[in-house]
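Visitor: Sharing a structure, written as structure tokens. Questions coming.
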Amino acid sequence: MHPRKSEKTDAGATAEAASWAGAAVVDITPRGSVFLFGYPHVPRYSTGVHDPLECAALFLRSAEGGALFLANDLIGFSKKFVADVRKRIGAATGLPADAIMITATHTHSGPVMLDYLSNAGDSVVPKADPAYQQWLAGRMLEAATAAVNAAVPAEIGLVVARAEGVGSNRHDPAGPADPEVPVLVARSRATREPLGCMVVYGMHPTVLHEDSTLISADFPYFTRRSLRQGGALPAGCPVIYHNGASGNQSPRHLTRANTLAEAQRLGESLGRAIAGAIPTAAFSGVAAIRCRQRFIELEPRAFPAPADALAAVRQTRARFQQLKRENAPRTAVRTAECDVFGAEETAELAHAAVDGRLATAIQKCVPAEIQAIAIGPWTFVGWPGEFFVEYGLELKARAPGTFLITLANGELQGYIVTAEAAARGVYESSNAVFAPRNGARFVEATLALLGPAG
């Protein structure tokens with residue numbers, strides 16, 4: 001939607017110079033029973049729907065250009081899927097690919113969206129359903145065009161909330177974490193009514209575990225519901241929820257059980273933090289929007305010989321069984337179980353490195369995209385895959401006002417961990433396809449893209 005140059009805003013600025021915004025949300029819940037992807041070895045097919053999965057879209061426009069964010073309650077996307085959807089959206093709206101960010105909230109209670117090489121040996125995990133993906137692409141196009149067509153002169157409000165008690169570093173509750181939650185509210189210039197709200201929070205949505213068979217967005221659903229029902233936002237207001245640097249962040253040490261009641265408790269806690277911050281947002285009727293993009297090559301991780309990888313599987317299984325026999329704390333047992341999953345995945349990847357499947361999978365991920373969308377004084381940076389929080393913290397420290405969104409515009413077949421985590425052999429490092437040093441490369445490449453001023 002393009003404003004007429006002659007139209008005036010309430011501040012006297014031309015509509016062409018002022019900010020415009022539109023938002024929309026569509027239901028992307030699969031029809032019928034689907035395999036719920038996120039945990040290995042369990043034939044976990046959905047028996048119902050607790051809450052509908054959403055695709056929420058926010059369109060922003062200034063004199064400098066426009067940007068479109070689409071956040072989806074799904075585990076992730078392939079680079080090819082994103083390219084195809086961007087092409088369709090671009091044809092319908094005129095927006096270039098670097099102005100469209102497509103992200104996943106990373107719920108583990110939704111359908112299979114892509115084929116992870118590390119899960120290739122897990123016989124219970126089916127392939128992604130092309131029919132659902134085709135339908136999904138159409139729904140995402142609907143959300144995108146609805147948001148663009150709904151755009152009206154707007155004010156953009158920015159504030160940083162602080163979330164405590166929702167999650168923590170899953171390896172060390174006192175370890176690195178980022179409780180900051182950037183919040184962007186777009187409201188109508190004419191009515192001051194919120195049009196849409198965009199938030200970024202770095203936390204795995206994994207309150208629900210293998211025993212839950214209901215489709216759900218996990219705790220982000222309850223966050224959105226609390227904002228809409230608690231008065232912070234109008235009923236039905238689109239909430240565009242992105243996942244930040246959450247590779248080593250989860251609710252594991254904060255949950256009392258892995259239930260919907262716990263997802264509600266944590267989600268509403270996050271919602272209250274956001275709601276409390278919204279009234280203090282600083283609004284502007286003119287927020288310049290600039291979009292930038294670059295691609296970088298990545299270095300694969302070095303894998304052990306298959307025989308050594310299988311020996312590590314036996315060792316981690318023995319430790320897990322020992323902790324269970326000793327009635328160790330629930331969190332310690334869960335961590336050890338995840339270590340088993342990681343060792344199994346390393347073994348699969350080690351075999352794939354020998355037979356050529358790994359090289360094929362890597363080619364589908366690279367070059368990796370870095371996307372930067374500046375909105376007034378803030379910049380939202382999109383990286384594919386799952387990154388440890390240390391990288392998001394470093395980026396923000398070196399470029400204030402910059403906030404990292406992960407699982408954006410594709411995937412990296414797993415995690416980008418720190419060198420320290422790799423040395424400890426934690427689950428995420430066992431699952432990783434790419435070397436830890438790529439994290440620093442993402443940081444430096446992003447800072448170069450942002451320029452001297454960050």
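Naming scheme: A, B, ... for chains in displayed order of the structure tokens; residues 1 onward per chain; ligands 1 onward as shown.
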Could you pull the residues within 10 Å of Met140 of chain A, counting only C-alpha atoms, minus those fewer than 3 positions along the same chain, as an mmCIF file with N, CA, C and O atoms, in the first residue's frame?

Guide:
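The resulting selection.cif:
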```
data_model
loop_
_atom_site.group_PDB
_atom_site.id
_atom_site.type_symbol
_atom_site.label_atom_id
_atom_site.label_comp_id
_atom_site.auth_asym_id
_atom_site.auth_seq_id
_atom_site.Cartn_x
_atom_site.Cartn_y
_atom_site.Cartn_z
ATOM 1 N N VAL A 25 -2.606 -11.626 11.067
ATOM 2 C CA VAL A 25 -2.279 -12.947 11.596
ATOM 3 C C VAL A 25 -3.192 -13.969 10.940
ATOM 4 O O VAL A 25 -4.389 -13.700 10.730
ATOM 5 N N VAL A 26 -2.630 -15.126 10.576
ATOM 6 C CA VAL A 26 -3.420 -16.203 9.994
ATOM 7 C C VAL A 26 -3.103 -17.501 10.726
ATOM 8 O O VAL A 26 -2.035 -17.658 11.317
ATOM 9 N N ASP A 27 -4.034 -18.421 10.677
ATOM 10 C CA ASP A 27 -3.903 -19.731 11.304
ATOM 11 C C ASP A 27 -3.134 -20.659 10.367
ATOM 12 O O ASP A 27 -3.485 -20.802 9.194
ATOM 13 N N ILE A 28 -2.054 -21.273 10.882
ATOM 14 C CA ILE A 28 -1.276 -22.211 10.063
ATOM 15 C C ILE A 28 -1.264 -23.612 10.704
ATOM 16 O O ILE A 28 -0.351 -24.400 10.458
ATOM 17 N N GLU A 54 0.259 -19.895 14.650
ATOM 18 C CA GLU A 54 0.034 -18.625 13.975
ATOM 19 C C GLU A 54 1.183 -18.261 13.035
ATOM 20 O O GLU A 54 2.348 -18.583 13.301
ATOM 21 N N CYS A 55 0.842 -17.573 11.969
ATOM 22 C CA CYS A 55 1.795 -16.789 11.195
ATOM 23 C C CYS A 55 1.379 -15.341 11.384
ATOM 24 O O CYS A 55 0.279 -14.942 10.960
ATOM 25 N N ALA A 56 2.214 -14.569 12.063
ATOM 26 C CA ALA A 56 1.918 -13.166 12.337
ATOM 27 C C ALA A 56 2.837 -12.292 11.509
ATOM 28 O O ALA A 56 4.050 -12.528 11.467
ATOM 29 N N ALA A 57 2.276 -11.298 10.850
ATOM 30 C CA ALA A 57 3.041 -10.445 9.941
ATOM 31 C C ALA A 57 2.952 -8.989 10.374
ATOM 32 O O ALA A 57 1.886 -8.512 10.769
ATOM 33 N N LEU A 70 7.667 -11.815 9.257
ATOM 34 C CA LEU A 70 6.697 -12.899 9.424
ATOM 35 C C LEU A 70 7.245 -13.887 10.450
ATOM 36 O O LEU A 70 8.284 -14.506 10.236
ATOM 37 N N ALA A 71 6.533 -14.028 11.571
ATOM 38 C CA ALA A 71 6.920 -14.961 12.627
ATOM 39 C C ALA A 71 5.940 -16.124 12.640
ATOM 40 O O ALA A 71 4.722 -15.918 12.615
ATOM 41 N N ASN A 72 6.475 -17.340 12.700
ATOM 42 C CA ASN A 72 5.646 -18.533 12.533
ATOM 43 C C ASN A 72 5.866 -19.530 13.661
ATOM 44 O O ASN A 72 7.001 -19.802 14.046
ATOM 45 N N VAL A 85 9.113 -18.585 -0.668
ATOM 46 C CA VAL A 85 8.072 -17.734 -0.088
ATOM 47 C C VAL A 85 8.393 -16.262 -0.310
ATOM 48 O O VAL A 85 7.511 -15.460 -0.652
ATOM 49 N N ARG A 86 9.645 -15.888 -0.140
ATOM 50 C CA ARG A 86 10.037 -14.497 -0.398
ATOM 51 C C ARG A 86 9.729 -14.101 -1.842
ATOM 52 O O ARG A 86 9.272 -12.975 -2.112
ATOM 53 N N ARG A 88 7.392 -15.246 -3.793
ATOM 54 C CA ARG A 88 5.948 -15.058 -3.951
ATOM 55 C C ARG A 88 5.489 -13.755 -3.308
ATOM 56 O O ARG A 88 4.667 -13.030 -3.867
ATOM 57 N N ILE A 89 6.022 -13.469 -2.130
ATOM 58 C CA ILE A 89 5.647 -12.224 -1.450
ATOM 59 C C ILE A 89 6.149 -11.016 -2.226
ATOM 60 O O ILE A 89 5.441 -10.007 -2.384
ATOM 61 N N ILE A 102 11.709 -13.907 7.564
ATOM 62 C CA ILE A 102 10.806 -15.018 7.877
ATOM 63 C C ILE A 102 11.439 -15.841 8.992
ATOM 64 O O ILE A 102 12.546 -16.364 8.838
ATOM 65 N N TRP A 135 0.712 -25.615 1.269
ATOM 66 C CA TRP A 135 -0.418 -24.891 1.859
ATOM 67 C C TRP A 135 0.085 -23.760 2.759
ATOM 68 O O TRP A 135 -0.443 -22.645 2.730
ATOM 69 N N LEU A 136 1.113 -24.051 3.542
ATOM 70 C CA LEU A 136 1.682 -23.060 4.441
ATOM 71 C C LEU A 136 2.193 -21.851 3.678
ATOM 72 O O LEU A 136 1.962 -20.699 4.086
ATOM 73 N N ALA A 137 2.890 -22.074 2.580
ATOM 74 C CA ALA A 137 3.414 -20.963 1.791
ATOM 75 C C ALA A 137 2.295 -20.032 1.337
ATOM 76 O O ALA A 137 2.447 -18.803 1.341
ATOM 77 N N ALA A 143 -0.925 -13.719 4.863
ATOM 78 C CA ALA A 143 -0.596 -12.860 6.002
ATOM 79 C C ALA A 143 0.210 -11.656 5.547
ATOM 80 O O ALA A 143 -0.023 -10.523 5.995
ATOM 81 N N ALA A 144 1.170 -11.898 4.666
ATOM 82 C CA ALA A 144 2.033 -10.808 4.198
ATOM 83 C C ALA A 144 1.242 -9.752 3.450
ATOM 84 O O ALA A 144 1.372 -8.548 3.719
ATOM 85 N N THR A 145 0.421 -10.173 2.503
ATOM 86 C CA THR A 145 -0.332 -9.207 1.709
ATOM 87 C C THR A 145 -1.379 -8.498 2.558
ATOM 88 O O THR A 145 -1.642 -7.300 2.362
ATOM 89 N N ALA A 146 -1.969 -9.211 3.523
ATOM 90 C CA ALA A 146 -2.948 -8.566 4.408
ATOM 91 C C ALA A 146 -2.289 -7.475 5.237
ATOM 92 O O ALA A 146 -2.856 -6.395 5.443
#
```

Visitor: Identify all residues of segment 221-343 of chain A in helix (DSSP H, G or I) (DSSP on the backbone) and supply them as a ChimeraX atom specification.

Guide: /A:221-229,260-280,306-325,330-343

Visitor: With only C-alpha atoms as the basis for distance, which of A:Glu155, A:Glu369, A:Glu193, A:Asp122 is at the shortest distance from Glu345 of chain A?

Guide: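 Of A:Glu155, A:Glu369, A:Glu193, A:Asp122, the one nearest Glu345 of chain A, counting only C-alpha atoms, is A:Asp122.
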
Visitor: Taking only C-alpha atoms into account, produce a table as CSV in which each residue of segment 222-255 of chain A with an atom at most 7 Å from an atom of segment 397-418 of chain A appears once, together with its shortest atom pair and the distance in Å to one decimal, ordered by chain and rising number.

Guide:
```
residue,atom,partner,partner_atom,distance
A:His242,CA,A:Ile405,CA,6.3
A:Asn243,CA,A:Ile405,CA,5.8
A:Gly244,CA,A:Ile405,CA,4.5
A:Ala245,CA,A:Thr406,CA,6.0
A:Gly247,CA,A:Tyr415,CA,6.5
```

Visitor: Using only C-alpha atoms, which of A:Ser33, A:Thr47, A:Gln321, A:Ser168 sits nearest Ser212 of chain A?

Guide: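 For Ser212 of chain A, the nearest of the given residues is A:Thr47.
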
Visitor: Once you count only C-alpha atoms, what closest atom pair and distance in Å to one decimal does each residue of segment 92-142 of chain A within 12 Å of segment 357-364 of chain A have, with rows by chain and rising residue number, as CSV?

Guide:
```
residue,atom,partner,partner_atom,distance
A:Leu114,CA,A:Ala361,CA,11.4
A:Asp115,CA,A:Ala361,CA,9.5
A:Tyr116,CA,A:Ala361,CA,8.6
A:Leu117,CA,A:Ala361,CA,7.1
A:Ser118,CA,A:Leu358,CA,9.4
A:Ala120,CA,A:Arg357,CA,10.3
```

Visitor: Would you save the residues from that selection as a PDB file, in the first residue's frame, using N, CA, C and O atoms?

Guide:
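Output file out21.pdb follows:
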```
ATOM      1  N   LEU A 114      11.521 -29.615   8.155  1.00  0.00           N
ATOM      2  CA  LEU A 114      12.721 -29.847   7.364  1.00  0.00           C
ATOM      3  C   LEU A 114      13.383 -31.127   7.832  1.00  0.00           C
ATOM      4  O   LEU A 114      13.098 -31.618   8.937  1.00  0.00           O
ATOM      5  N   ASP A 115      14.216 -31.668   6.992  1.00  0.00           N
ATOM      6  CA  ASP A 115      14.859 -32.945   7.280  1.00  0.00           C
ATOM      7  C   ASP A 115      16.256 -32.696   7.835  1.00  0.00           C
ATOM      8  O   ASP A 115      17.152 -32.231   7.125  1.00  0.00           O
ATOM      9  N   TYR A 116      16.427 -32.957   9.140  1.00  0.00           N
ATOM     10  CA  TYR A 116      17.729 -32.820   9.785  1.00  0.00           C
ATOM     11  C   TYR A 116      18.547 -34.084   9.522  1.00  0.00           C
ATOM     12  O   TYR A 116      18.098 -35.195   9.814  1.00  0.00           O
ATOM     13  N   LEU A 117      19.744 -33.912   9.007  1.00  0.00           N
ATOM     14  CA  LEU A 117      20.608 -35.054   8.739  1.00  0.00           C
ATOM     15  C   LEU A 117      20.913 -35.830  10.013  1.00  0.00           C
ATOM     16  O   LEU A 117      21.009 -37.060  10.001  1.00  0.00           O
ATOM     17  N   SER A 118      21.035 -35.118  11.138  1.00  0.00           N
ATOM     18  CA  SER A 118      21.367 -35.784  12.400  1.00  0.00           C
ATOM     19  C   SER A 118      20.263 -36.729  12.861  1.00  0.00           C
ATOM     20  O   SER A 118      20.507 -37.609  13.693  1.00  0.00           O
ATOM     21  N   ALA A 120      18.590 -38.651  10.708  1.00  0.00           N
ATOM     22  CA  ALA A 120      18.363 -39.606   9.624  1.00  0.00           C
ATOM     23  C   ALA A 120      18.268 -41.044  10.114  1.00  0.00           C
ATOM     24  O   ALA A 120      17.573 -41.872   9.517  1.00  0.00           O
TER      25      ALA A 120
END
```

Visitor: Applying 10 Å and only C-alpha atoms, which residues near Asp211 of chain A remain after dropping the ones on its own chain fewer than 5 positions away? List them as a list in words.

Guide: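 My list of contacting residues is Val42, Arg44, Asn258 and Thr259 of chain A.
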
Visitor: Go ahead and save the residues from that selection, with all heavy atoms, as a CSV table (one decimal), in the first residue's frame.

Guide:
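Full text of again.csv as output:
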```csv
chain,number,residue,atom,x,y,z
A,42,VAL,N,10.5,-41.0,19.8
A,42,VAL,CA,9.1,-41.2,20.3
A,42,VAL,C,8.1,-40.9,19.1
A,42,VAL,O,8.1,-39.9,18.5
A,42,VAL,CB,8.8,-40.1,21.4
A,42,VAL,CG1,7.4,-40.3,21.9
A,42,VAL,CG2,9.8,-40.3,22.5
A,44,ARG,N,5.4,-39.6,18.2
A,44,ARG,CA,4.6,-38.6,18.9
A,44,ARG,C,3.7,-37.9,17.8
A,44,ARG,O,4.0,-36.9,17.2
A,44,ARG,CB,5.5,-37.6,19.5
A,44,ARG,CG,4.8,-36.5,20.4
A,44,ARG,CD,5.9,-35.7,21.1
A,44,ARG,NE,5.4,-34.5,21.7
A,44,ARG,CZ,5.9,-33.2,21.4
A,44,ARG,NH1,6.8,-33.1,20.5
A,44,ARG,NH2,5.3,-32.2,21.9
A,258,ASN,N,6.4,-30.5,33.2
A,258,ASN,CA,6.3,-30.2,31.7
A,258,ASN,C,4.9,-30.3,31.3
A,258,ASN,O,4.5,-31.2,30.6
A,258,ASN,CB,7.3,-31.2,31.0
A,258,ASN,CG,8.7,-31.0,31.4
A,258,ASN,OD1,9.3,-31.9,32.0
A,258,ASN,ND2,9.3,-29.9,31.1
A,259,THR,N,4.1,-29.3,31.7
A,259,THR,CA,2.7,-29.3,31.5
A,259,THR,C,2.2,-28.0,30.8
A,259,THR,O,3.0,-27.0,30.8
A,259,THR,CB,1.9,-29.5,32.8
A,259,THR,OG1,2.3,-28.4,33.6
A,259,THR,CG2,2.3,-30.8,33.5
```

Visitor: Taking only C-alpha atoms into account, produce a table as CSV in which each residue of segment 57-93 of chain A with an atom at most 10 Å from an atom of segment 291-298 of chain A appears once, together with its shortest atom pair and the distance in Å to one decimal, ordered by chain and rising number.

Guide:
```
residue,atom,partner,partner_atom,distance
A:Glu64,CA,A:Cys291,CA,9.4
A:Gly65,CA,A:Cys291,CA,8.1
A:Gly66,CA,A:Cys291,CA,8.2
A:Ala67,CA,A:Cys291,CA,7.3
```

Visitor: Each residue of segment 87-136 of chain A with at least one atom at most 10 Å from segment 370-389 of chain A should appear once, together with its nearest atom pair and the corresponding distance in Å (one decimal); atoms considered: only C-alpha atoms; ordering: chain, then increasing residue number; output as CSV.

Guide:
```
residue,atom,partner,partner_atom,distance
A:Ala97,CA,A:Gln371,CA,9.8
A:Asp98,CA,A:Gln371,CA,6.7
A:Ala99,CA,A:Ile373,CA,7.3
A:Ile100,CA,A:Ile373,CA,9.1
A:Met101,CA,A:Gly382,CA,7.3
A:Ile102,CA,A:Gly382,CA,8.9
A:Thr103,CA,A:Gly382,CA,8.4
A:Ala104,CA,A:Pro384,CA,9.9
A:His106,CA,A:Glu386,CA,9.6
```

Visitor: Could you write out that same residue set with all heavy atoms as a compact mmCIF listing (two decimals), in the first residue's frame?

Guide:
```txt
# COMPACT_ATOMS: atom_id res chain seq x y z
N ALA A 97 13.83 -9.19 -1.43
CA ALA A 97 14.07 -10.27 -0.48
C ALA A 97 14.72 -9.76 0.80
O ALA A 97 14.40 -10.24 1.89
CB ALA A 97 14.94 -11.35 -1.12
N ASP A 98 15.63 -8.78 0.69
CA ASP A 98 16.32 -8.32 1.89
C ASP A 98 15.44 -7.49 2.81
O ASP A 98 15.85 -7.14 3.92
CB ASP A 98 17.60 -7.55 1.53
CG ASP A 98 17.33 -6.22 0.83
OD1 ASP A 98 16.16 -5.90 0.56
OD2 ASP A 98 18.31 -5.50 0.55
N ALA A 99 14.21 -7.20 2.38
CA ALA A 99 13.26 -6.48 3.22
C ALA A 99 12.24 -7.41 3.86
O ALA A 99 11.32 -6.95 4.54
CB ALA A 99 12.53 -5.41 2.40
N ILE A 100 12.38 -8.72 3.63
CA ILE A 100 11.43 -9.70 4.16
C ILE A 100 12.18 -10.64 5.09
O ILE A 100 13.11 -11.33 4.67
CB ILE A 100 10.78 -10.50 3.02
CG1 ILE A 100 10.09 -9.57 2.02
CG2 ILE A 100 9.79 -11.52 3.58
CD1 ILE A 100 9.67 -10.26 0.73
N MET A 101 11.79 -10.68 6.36
CA MET A 101 12.39 -11.60 7.32
C MET A 101 11.35 -12.64 7.72
O MET A 101 10.25 -12.30 8.16
CB MET A 101 12.88 -10.86 8.58
CG MET A 101 13.57 -11.78 9.59
SD MET A 101 14.12 -10.96 11.12
CE MET A 101 15.43 -9.90 10.52
N ILE A 102 11.71 -13.91 7.56
CA ILE A 102 10.81 -15.02 7.88
C ILE A 102 11.44 -15.84 8.99
O ILE A 102 12.55 -16.36 8.84
CB ILE A 102 10.55 -15.88 6.63
CG1 ILE A 102 9.83 -15.05 5.56
CG2 ILE A 102 9.73 -17.12 6.99
CD1 ILE A 102 9.61 -15.78 4.25
N THR A 103 10.75 -15.95 10.12
CA THR A 103 11.33 -16.61 11.28
C THR A 103 10.41 -17.70 11.83
O THR A 103 9.23 -17.77 11.50
CB THR A 103 11.59 -15.60 12.42
OG1 THR A 103 10.34 -15.19 13.00
CG2 THR A 103 12.34 -14.38 11.91
N ALA A 104 10.99 -18.53 12.69
CA ALA A 104 10.26 -19.60 13.37
C ALA A 104 10.42 -19.43 14.87
O ALA A 104 11.51 -19.12 15.36
CB ALA A 104 10.79 -20.96 12.95
N HIS A 106 10.18 -21.84 16.89
CA HIS A 106 10.89 -23.07 17.28
C HIS A 106 10.10 -23.95 18.24
O HIS A 106 10.67 -24.69 19.05
CB HIS A 106 12.26 -22.74 17.88
CG HIS A 106 13.24 -23.88 17.81
ND1 HIS A 106 13.54 -24.55 16.64
CD2 HIS A 106 14.02 -24.46 18.77
CE1 HIS A 106 14.45 -25.47 16.88
NE2 HIS A 106 14.75 -25.46 18.16
```

Visitor: Could you list, as an NGL selection string, every residue within 10 Å of Arg31 of chain A, counting only C-alpha atoms and ignoring same-chain residues fewer than 5 positions away?

Guide: :A and (48-49 or 132)

Visitor: How about saving the chosen residues, N, CA and C atoms kept, as a PDB file, in the first residue's frame?

Guide:
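After the write, part03.pdb holds the following:
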```pdb
ATOM      1  N   GLY A  48      -4.747 -33.771  19.047  1.00  0.00           N
ATOM      2  CA  GLY A  48      -5.638 -32.623  19.104  1.00  0.00           C
ATOM      3  C   GLY A  48      -4.843 -31.326  19.026  1.00  0.00           C
ATOM      4  N   VAL A  49      -5.551 -30.228  19.173  1.00  0.00           N
ATOM      5  CA  VAL A  49      -4.953 -28.898  19.103  1.00  0.00           C
ATOM      6  C   VAL A  49      -5.259 -28.153  20.387  1.00  0.00           C
ATOM      7  N   TYR A 132       1.713 -29.979   3.168  1.00  0.00           N
ATOM      8  CA  TYR A 132       1.549 -28.960   4.211  1.00  0.00           C
ATOM      9  C   TYR A 132       2.402 -27.736   3.891  1.00  0.00           C
TER      10      TYR A 132
END
```

Visitor: Can you pull out every residue within 8 Å of Leu310 of chain A, counting only C-alpha atoms, but drop anything in the same chain fewer than 2 positions away, and send it as a list in words?

Guide: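 Neighbouring residues, sequence-local ones excluded: Pro306, Ala307, Asp308, Ala312, Val313, Arg314, Ala343, Glu344 and Ala347 of chain A.
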
Visitor: Go ahead and save the picked residues with N, CA, C and O atoms, as a PDB file, in the first residue's frame.

Guide:
```pdb
ATOM      1  N   PRO A 306      33.710 -42.855  12.664  1.00  0.00           N
ATOM      2  CA  PRO A 306      32.451 -43.478  13.077  1.00  0.00           C
ATOM      3  C   PRO A 306      32.596 -44.428  14.257  1.00  0.00           C
ATOM      4  O   PRO A 306      31.731 -44.441  15.149  1.00  0.00           O
ATOM      5  N   ALA A 307      33.681 -45.215  14.312  1.00  0.00           N
ATOM      6  CA  ALA A 307      33.850 -46.148  15.431  1.00  0.00           C
ATOM      7  C   ALA A 307      34.001 -45.404  16.752  1.00  0.00           C
ATOM      8  O   ALA A 307      33.450 -45.820  17.780  1.00  0.00           O
ATOM      9  N   ASP A 308      34.736 -44.296  16.743  1.00  0.00           N
ATOM     10  CA  ASP A 308      34.909 -43.511  17.960  1.00  0.00           C
ATOM     11  C   ASP A 308      33.586 -42.861  18.376  1.00  0.00           C
ATOM     12  O   ASP A 308      33.282 -42.751  19.568  1.00  0.00           O
ATOM     13  N   ALA A 312      31.428 -43.284  21.956  1.00  0.00           N
ATOM     14  CA  ALA A 312      30.923 -42.183  22.770  1.00  0.00           C
ATOM     15  C   ALA A 312      29.440 -42.358  23.070  1.00  0.00           C
ATOM     16  O   ALA A 312      28.971 -42.006  24.160  1.00  0.00           O
ATOM     17  N   VAL A 313      28.689 -42.909  22.143  1.00  0.00           N
ATOM     18  CA  VAL A 313      27.266 -43.184  22.385  1.00  0.00           C
ATOM     19  C   VAL A 313      27.120 -44.153  23.562  1.00  0.00           C
ATOM     20  O   VAL A 313      26.298 -43.950  24.462  1.00  0.00           O
ATOM     21  N   ARG A 314      27.924 -45.207  23.550  1.00  0.00           N
ATOM     22  CA  ARG A 314      27.845 -46.191  24.634  1.00  0.00           C
ATOM     23  C   ARG A 314      28.188 -45.544  25.979  1.00  0.00           C
ATOM     24  O   ARG A 314      27.535 -45.829  27.004  1.00  0.00           O
ATOM     25  N   ALA A 343      25.083 -37.529  21.313  1.00  0.00           N
ATOM     26  CA  ALA A 343      26.085 -38.519  20.920  1.00  0.00           C
ATOM     27  C   ALA A 343      25.572 -39.355  19.750  1.00  0.00           C
ATOM     28  O   ALA A 343      26.332 -39.679  18.815  1.00  0.00           O
ATOM     29  N   GLU A 344      24.296 -39.703  19.792  1.00  0.00           N
ATOM     30  CA  GLU A 344      23.702 -40.457  18.681  1.00  0.00           C
ATOM     31  C   GLU A 344      23.738 -39.635  17.391  1.00  0.00           C
ATOM     32  O   GLU A 344      24.010 -40.163  16.303  1.00  0.00           O
ATOM     33  N   ALA A 347      27.175 -39.512  15.940  1.00  0.00           N
ATOM     34  CA  ALA A 347      27.474 -40.763  15.247  1.00  0.00           C
ATOM     35  C   ALA A 347      26.855 -40.775  13.843  1.00  0.00           C
ATOM     36  O   ALA A 347      27.495 -41.201  12.866  1.00  0.00           O
TER      37      ALA A 347
END
```

Visitor: Which residues are close to Cys338 of chain A, i.e. within 10 Å by only C-alpha atoms, leaving aside same-chain residues fewer than 5 positions away? Reply as a VMD selection string.

Guide: chain A and resid 39 to 40 316 320 332 to 333 343 to 344 426 to 428 430

Visitor: Skipping near chain neighbours, those fewer than 3 positions away, what residues fall within 10 Å of Leu323 of chain A using only C-alpha atoms, listed as a PyMOL selection string?

Guide: chain A and resi 318-320+326-330+332-334+336-337

Visitor: I'd like the interatomic distance between atom CA of Asp218 of chain A and atom CA of His41 of chain A, to a tenth of an Å.

Guide: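 Separation between atom CA of Asp218 of chain A and atom CA of His41 of chain A: 20.5 Å.
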
Visitor: What gap, in Å, lies between atom CA of Gln264 of chain A and atom CA of Ser216 of chain A?

Guide: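 Computing the Euclidean distance for atom CA of Gln264 of chain A and atom CA of Ser216 of chain A yields 11.5 Å.
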